[in-house]
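Structure file protein01.cif; described as mmCIF, C-alpha atoms.
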data_work
#
loop_
_atom_site.label_atom_id
_atom_site.label_comp_id
_atom_site.auth_asym_id
_atom_site.auth_seq_id
_atom_site.Cartn_x
_atom_site.Cartn_y
_atom_site.Cartn_z
CA MET K 46 42.65 163.31 156.44
CA ASP K 47 41.12 165.88 154.11
CA THR K 48 41.03 169.47 155.28
CA VAL K 49 38.82 172.34 154.20
CA SER K 50 39.90 175.96 154.33
CA PHE K 51 38.17 179.18 153.41
CA THR K 52 38.68 182.91 153.74
CA THR K 53 35.89 185.06 155.08
CA ARG K 54 35.28 188.63 156.16
CA THR K 55 33.48 189.06 159.44
CA GLY K 56 33.12 191.29 162.47
CA PHE K 57 32.40 191.06 166.18
CA ARG K 58 29.42 192.40 168.08
CA THR K 59 27.10 191.44 170.88
CA ILE K 60 23.36 191.76 170.32
CA GLN K 61 20.95 191.46 173.23
CA LEU K 62 17.15 191.38 173.21
CA VAL K 63 16.07 193.53 176.15
CA GLN K 64 12.67 192.93 177.74
CA SER K 65 12.12 194.95 180.89
CA ALA K 66 8.97 196.35 182.48
CA TYR K 67 8.02 199.98 181.91
CA ASN K 68 8.36 201.92 185.13
CA ASP K 69 5.53 203.79 186.85
CA GLU K 70 6.61 207.12 185.41
CA GLN K 71 6.47 205.77 181.85
CA VAL K 72 3.07 204.18 182.45
CA HIS K 73 1.69 207.41 183.95
CA SER K 74 2.93 209.28 180.87
CA GLY K 75 0.60 207.18 178.72
CA ILE K 76 2.61 204.07 177.81
CA THR K 77 0.58 200.89 178.16
CA ALA K 78 1.83 198.81 181.09
CA GLY K 79 3.95 195.83 180.13
CA ASP K 80 7.44 195.07 178.92
CA ASN K 81 9.42 197.17 176.49
CA TRP K 82 11.11 195.29 173.68
CA HIS K 83 14.29 196.47 172.01
CA PHE K 84 17.79 195.39 171.05
CA ASN K 85 21.13 196.50 172.46
CA ILE K 86 24.21 196.26 170.28
CA ASN K 87 27.50 196.17 172.18
CA GLY K 88 25.63 197.32 175.25
CA LYS K 89 23.98 200.35 173.61
CA ALA K 90 20.28 200.63 172.83
CA PHE K 91 19.51 201.54 169.24
CA TYR K 92 16.48 202.49 167.21
CA ALA K 93 15.94 200.13 164.28
CA LEU K 94 14.23 201.31 161.13
CA GLY K 95 13.54 198.71 158.48
CA THR K 96 11.25 196.87 156.12
CA ASN K 97 10.43 193.39 154.84
CA ILE K 98 12.58 191.53 152.35
CA ILE K 99 10.64 189.16 150.13
CA PRO K 100 12.16 187.12 147.28
CA PHE K 101 13.72 189.59 144.88
CA ASP K 102 12.21 187.92 141.83
CA PRO K 103 9.62 185.12 141.45
CA PHE K 104 12.10 183.49 139.07
CA TYR K 105 15.19 183.03 141.21
CA ALA K 106 17.62 182.69 138.29
CA ARG K 107 16.79 186.23 137.16
CA THR K 108 18.06 187.69 140.44
CA THR K 109 21.39 189.46 140.05
CA VAL K 110 23.97 190.80 142.46
CA GLU K 111 23.32 194.26 141.05
CA SER K 112 19.58 194.13 141.71
CA VAL K 113 20.05 192.87 145.27
CA ARG K 114 22.67 195.48 146.04
CA TRP K 115 20.43 198.22 144.60
CA VAL K 116 17.59 197.18 146.95
CA LEU K 117 19.85 197.02 150.01
CA GLU K 118 21.62 200.29 149.23
CA SER K 119 18.22 201.91 148.68
CA ALA K 120 17.15 200.75 152.14
CA VAL K 121 20.10 202.60 153.64
CA LYS K 122 19.47 205.75 151.60
CA SER K 123 15.68 205.88 151.61
CA GLY K 124 15.23 207.62 154.94
CA GLN K 125 14.86 204.49 157.04
CA ASN K 126 18.06 205.63 158.72
CA MET K 127 20.77 208.24 158.39
CA VAL K 128 23.84 206.05 158.57
CA SER K 129 25.73 204.16 155.92
CA ALA K 130 27.48 201.55 158.04
CA ILE K 131 27.60 199.91 161.44
CA TYR K 132 30.99 200.37 163.05
CA LEU K 133 30.92 197.21 165.09
CA GLN K 134 34.04 198.03 167.06
CA ARG K 135 32.90 201.60 167.81
CA PRO K 136 29.22 201.35 168.75
CA THR K 137 29.05 204.70 170.53
CA TYR K 138 29.42 206.56 167.26
CA MET K 139 25.94 205.83 165.96
CA PHE K 140 22.72 204.47 167.31
CA ILE K 141 20.31 204.25 164.37
CA TYR K 142 20.58 201.10 162.30
CA PRO K 143 18.66 199.85 159.29
CA LYS K 144 17.09 196.48 159.91
CA LEU K 145 15.57 194.20 157.30
CA ARG K 146 13.23 191.33 158.05
CA ILE K 147 13.70 188.28 155.84
CA TRP K 148 10.04 187.33 155.57
CA GLY K 149 9.19 183.82 156.76
CA GLY K 150 6.87 183.25 153.82
CA GLY K 151 9.60 183.66 151.24
CA THR K 152 12.94 181.89 150.97
CA TYR K 153 16.14 181.54 152.94
CA GLN K 154 18.57 184.16 151.71
CA PRO K 155 21.98 182.90 150.54
CA SER K 156 25.03 183.65 152.66
CA HIS K 157 27.66 182.86 150.02
CA PRO K 158 27.79 183.06 146.21
CA SER K 159 28.21 179.28 146.04
CA ILE K 160 24.79 178.74 147.63
CA ALA K 161 21.59 178.43 145.60
CA GLY K 162 23.14 178.61 142.19
CA GLY K 163 25.89 181.10 142.95
CA VAL K 164 23.75 184.17 142.24
CA TYR K 165 24.44 186.54 145.14
CA ASP K 166 25.53 186.76 148.77
CA PHE K 167 22.77 188.53 150.72
CA TYR K 168 24.33 188.51 154.18
CA SER K 169 27.78 189.67 153.05
CA ILE K 170 26.21 192.70 151.41
CA CYS K 171 24.35 193.39 154.66
CA ASP K 172 27.66 193.04 156.54
CA GLU K 173 29.25 195.58 154.21
CA LEU K 174 26.41 198.10 154.32
CA GLY K 175 25.78 197.84 158.05
CA ILE K 176 22.29 196.39 157.77
CA LEU K 177 21.02 194.15 160.55
CA ALA K 178 19.03 191.16 159.33
CA TRP K 179 16.00 189.81 161.19
CA SER K 180 16.12 186.27 159.83
CA GLU K 181 13.05 184.07 159.87
CA LEU K 182 12.69 180.35 159.40
CA ILE K 183 10.54 179.67 156.36
CA PHE K 184 7.30 178.66 158.03
CA SER K 185 4.28 180.80 157.35
CA ASP K 186 0.52 181.13 157.70
CA SER K 187 -0.35 177.60 158.67
CA LEU K 188 -1.10 175.41 161.66
CA TYR K 189 2.01 173.28 161.94
CA PRO K 190 1.76 170.17 164.13
CA ILE K 191 4.41 169.84 166.81
CA ASN K 192 5.18 166.15 166.79
CA ASP K 193 8.30 164.01 166.49
CA PHE K 194 7.79 163.36 162.76
CA LEU K 195 7.69 167.05 161.87
CA LEU K 196 10.46 168.06 164.26
CA GLU K 197 12.76 165.36 162.95
CA SER K 198 12.08 166.36 159.36
CA ILE K 199 12.83 170.04 159.88
CA GLU K 200 15.80 169.67 162.22
CA PRO K 201 18.35 169.39 159.36
CA GLU K 202 16.80 172.40 157.61
CA ILE K 203 17.09 174.61 160.67
CA HIS K 204 20.52 173.33 161.67
CA GLN K 205 22.01 173.90 158.21
CA ASN K 206 20.58 177.38 157.72
CA VAL K 207 21.39 178.68 161.19
CA ARG K 208 24.93 177.32 160.99
CA ARG K 209 25.71 178.89 157.62
CA VAL K 210 24.18 182.30 158.42
CA ASN K 211 25.26 182.87 162.01
CA ARG K 212 28.87 183.69 161.13
CA HIS K 213 27.66 186.95 159.60
CA PRO K 214 27.64 189.88 162.06
CA SER K 215 24.68 191.36 160.20
CA ASN K 216 22.41 188.54 161.36
CA ALA K 217 20.74 189.91 164.48
CA GLN K 218 18.32 187.14 165.35
CA TRP K 219 16.22 184.19 164.20
CA ALA K 220 12.43 184.23 164.39
CA GLY K 221 10.26 181.15 164.18
CA GLY K 222 8.16 182.10 161.16
CA ASN K 223 5.41 184.39 159.89
CA GLU K 224 2.11 185.02 161.71
CA ILE K 225 1.87 181.49 163.08
CA GLU K 226 1.19 182.48 166.67
CA GLY K 227 -1.68 184.75 165.62
CA ILE K 228 -3.22 181.99 163.52
CA VAL K 229 -2.99 179.55 166.44
CA LEU K 230 -4.66 182.04 168.79
CA ASN K 231 -7.47 182.70 166.31
CA ALA K 232 -7.95 179.00 165.59
CA ALA K 233 -8.38 178.08 169.26
CA PRO K 234 -11.94 179.47 169.64
CA LEU K 235 -12.99 179.04 165.98
CA LEU K 236 -12.02 175.46 165.03
CA GLU K 237 -13.52 172.35 166.58
CA ASN K 238 -10.03 171.08 167.48
CA GLY K 239 -8.44 174.51 167.67
CA THR K 240 -7.29 174.21 171.26
CA HIS K 241 -5.14 171.26 170.20
CA TYR K 242 -2.78 173.62 168.36
CA LEU K 243 -2.80 176.09 171.23
CA ASP K 244 -1.91 173.33 173.68
CA GLU K 245 1.00 172.26 171.47
CA VAL K 246 2.36 175.78 171.20
CA CYS K 247 2.08 176.35 174.94
CA HIS K 248 3.72 173.01 175.74
CA SER K 249 1.40 172.62 178.73
CA GLN K 250 2.46 176.02 180.11
CA PRO K 251 -0.08 178.75 180.92
CA CYS K 252 -0.94 180.77 177.83
CA LEU K 253 -2.83 184.01 177.42
CA PHE K 254 -4.89 184.48 174.32
CA VAL K 255 -7.62 186.86 173.26
CA PRO K 256 -10.58 185.23 171.46
CA ALA K 257 -11.16 186.41 167.92
CA MET K 258 -13.64 189.28 167.71
CA ASN K 259 -16.36 189.45 165.11
CA ALA K 260 -15.83 192.14 162.48
#
This structure in structure tokens:
Amino acid sequence: MDTVSFTTRTGFRTIQLVQSAYNDEQVHSGITAGDNWHFNINGKAFYALGTNIIPFDPFYARTTVESVRWVLESAVKSGQNMVSAIYLQRPTYMFIYPKLRIWGGGTYQPSHPSIAGGVYDFYSICDELGILAWSELIFSDSLYPINDFLLESIEPEIHQNVRRVNRHPSNAQWAGGNEIEGIVLNAAPLLENGTHYLDEVCHSQPCLFVPAMNA
């Protein structure tokens, strides 16, 4: 039986999305009632400062390791945060982390130099620099049908990308795509069959949406 071996650098951390209701004191101080929304890393809340990552060059082959590293190092140094690394085993030492969103209208970022032509390794550089990545599936700005044909066609895409990226401690989460929910909510009152998409998204569960307002 053939075996496959590889050597990798990694780290260990626990990331939790915390959604808890604001208390009465916070609401009385002026915060809109509802749930707060933040991440804990290794049990400690942190303040994430970040930006969007779009494809580094419209011509992928022109992208270099040096150019990617320059962008990521600039994110750390540009005032988005004041730290240079995440010490995953010592989370109490620092609480401000850079966080970059891999935009769902761009491309999946490679997680190893052997992927996508062997140009660069985005997630390993994030691991090294202590940048948390908000990864998005590459679905953007469209009304996607939720039916067996589509789900079966995208299942391998999602499975392969999540599996290859999730070993990197820099990957904080996966998001479903870019602006799709907003488009669905706007389409519901504006398109003749708009509620069809809303019904699919809600999966027959109660949904709250605000009708689009005229400019």
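Against this structure, the PyMOL selection byres ((chain K and resi 211-226) around 6) ends up with Gly56, Gly149, Cys171, Asp172, Leu177, Ala178, Trp179, Ser180, Glu181, Leu182, Ile183, Phe184, Ser185, Asp186, Val207, Arg208, Arg209, Val210, Gly227, Ile228 and Val229 of chain K.
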Exercise. If you measure from atom CA of K:Phe167 to atom CA of K:Gln61, what distance in Å do you get, rounded to one decimal?
Worked result: 22.8 Å
For this session: Give me, please, the distance in Å between atom CA of K:Ala233 and atom CA of K:Leu195, quoted to one decimal.
Result: 20.8 Å
For this session: Report the residues retrieved by the PyMOL selection byres ((chain K and resi 105) around 12) from the displayed file, expressed as a ChimeraX atom specification.
Result: /K:99-104,106-110,112-113,151-155,161-165
Any chance you could tabulate, as JSON lines, the residues of stretch 137-213 of chain K at most 10 Å from stretch 116-123 of chain K with each one's nearest atom pair and distance in Å to one decimal, using only C-alpha atoms, in chain and rising number order?
{"residue": "K:Tyr142", "atom": "CA", "partner": "K:Val121", "partner_atom": "CA", "distance": 8.8}
{"residue": "K:Pro143", "atom": "CA", "partner": "K:Val121", "partner_atom": "CA", "distance": 6.4}
{"residue": "K:Lys144", "atom": "CA", "partner": "K:Ala120", "partner_atom": "CA", "distance": 8.9}
{"residue": "K:Leu145", "atom": "CA", "partner": "K:Ala120", "partner_atom": "CA", "distance": 8.5}
{"residue": "K:Phe167", "atom": "CA", "partner": "K:Leu117", "partner_atom": "CA", "distance": 9.0}
{"residue": "K:Ile170", "atom": "CA", "partner": "K:Leu117", "partner_atom": "CA", "distance": 7.8}
{"residue": "K:Cys171", "atom": "CA", "partner": "K:Leu117", "partner_atom": "CA", "distance": 7.4}
{"residue": "K:Leu174", "atom": "CA", "partner": "K:Glu118", "partner_atom": "CA", "distance": 7.3}
{"residue": "K:Gly175", "atom": "CA", "partner": "K:Val121", "partner_atom": "CA", "distance": 8.6}
{"residue": "K:Ile176", "atom": "CA", "partner": "K:Val121", "partner_atom": "CA", "distance": 7.8}
Exercise. Any idea what the distance is between atom CA of K:Ser65 and atom CA of K:Ala78?
Worked result: 11.0 Å
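Take the PyMOL selection byres ((chain K and resi 97) around 7) and apply it to this file: it picks Thr96, Ile98, Ile99, Leu145, Arg146, Ile147 and Trp148 of chain K.
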The selected residues should be written to file as a PDB file, in the coordinates of the input (atoms: C-alpha atoms).
ATOM      1  CA  THR K  96      11.250 196.870 156.120  1.00  0.00           C
ATOM      2  CA  ILE K  98      12.580 191.530 152.350  1.00  0.00           C
ATOM      3  CA  ILE K  99      10.640 189.160 150.130  1.00  0.00           C
ATOM      4  CA  LEU K 145      15.570 194.200 157.300  1.00  0.00           C
ATOM      5  CA  ARG K 146      13.230 191.330 158.050  1.00  0.00           C
ATOM      6  CA  ILE K 147      13.700 188.280 155.840  1.00  0.00           C
ATOM      7  CA  TRP K 148      10.040 187.330 155.570  1.00  0.00           C
TER       8      TRP K 148
END
Emit as JSON the padded axis-aligned box for all listed atoms of stretch 207-222 of chain K, 6 Å per side, with centre and edge lengths in Å to one decimal.
{"center_x": 18.5, "center_y": 184.3, "center_z": 161.5, "size_x": 32.7, "size_y": 26.0, "size_z": 19.7}
Exercise. Which one of K:Val49, K:Leu236, K:Val63, K:Ile191 sits closest to K:Ala90 if you count only C-alpha atoms?
Worked result: K:Val63
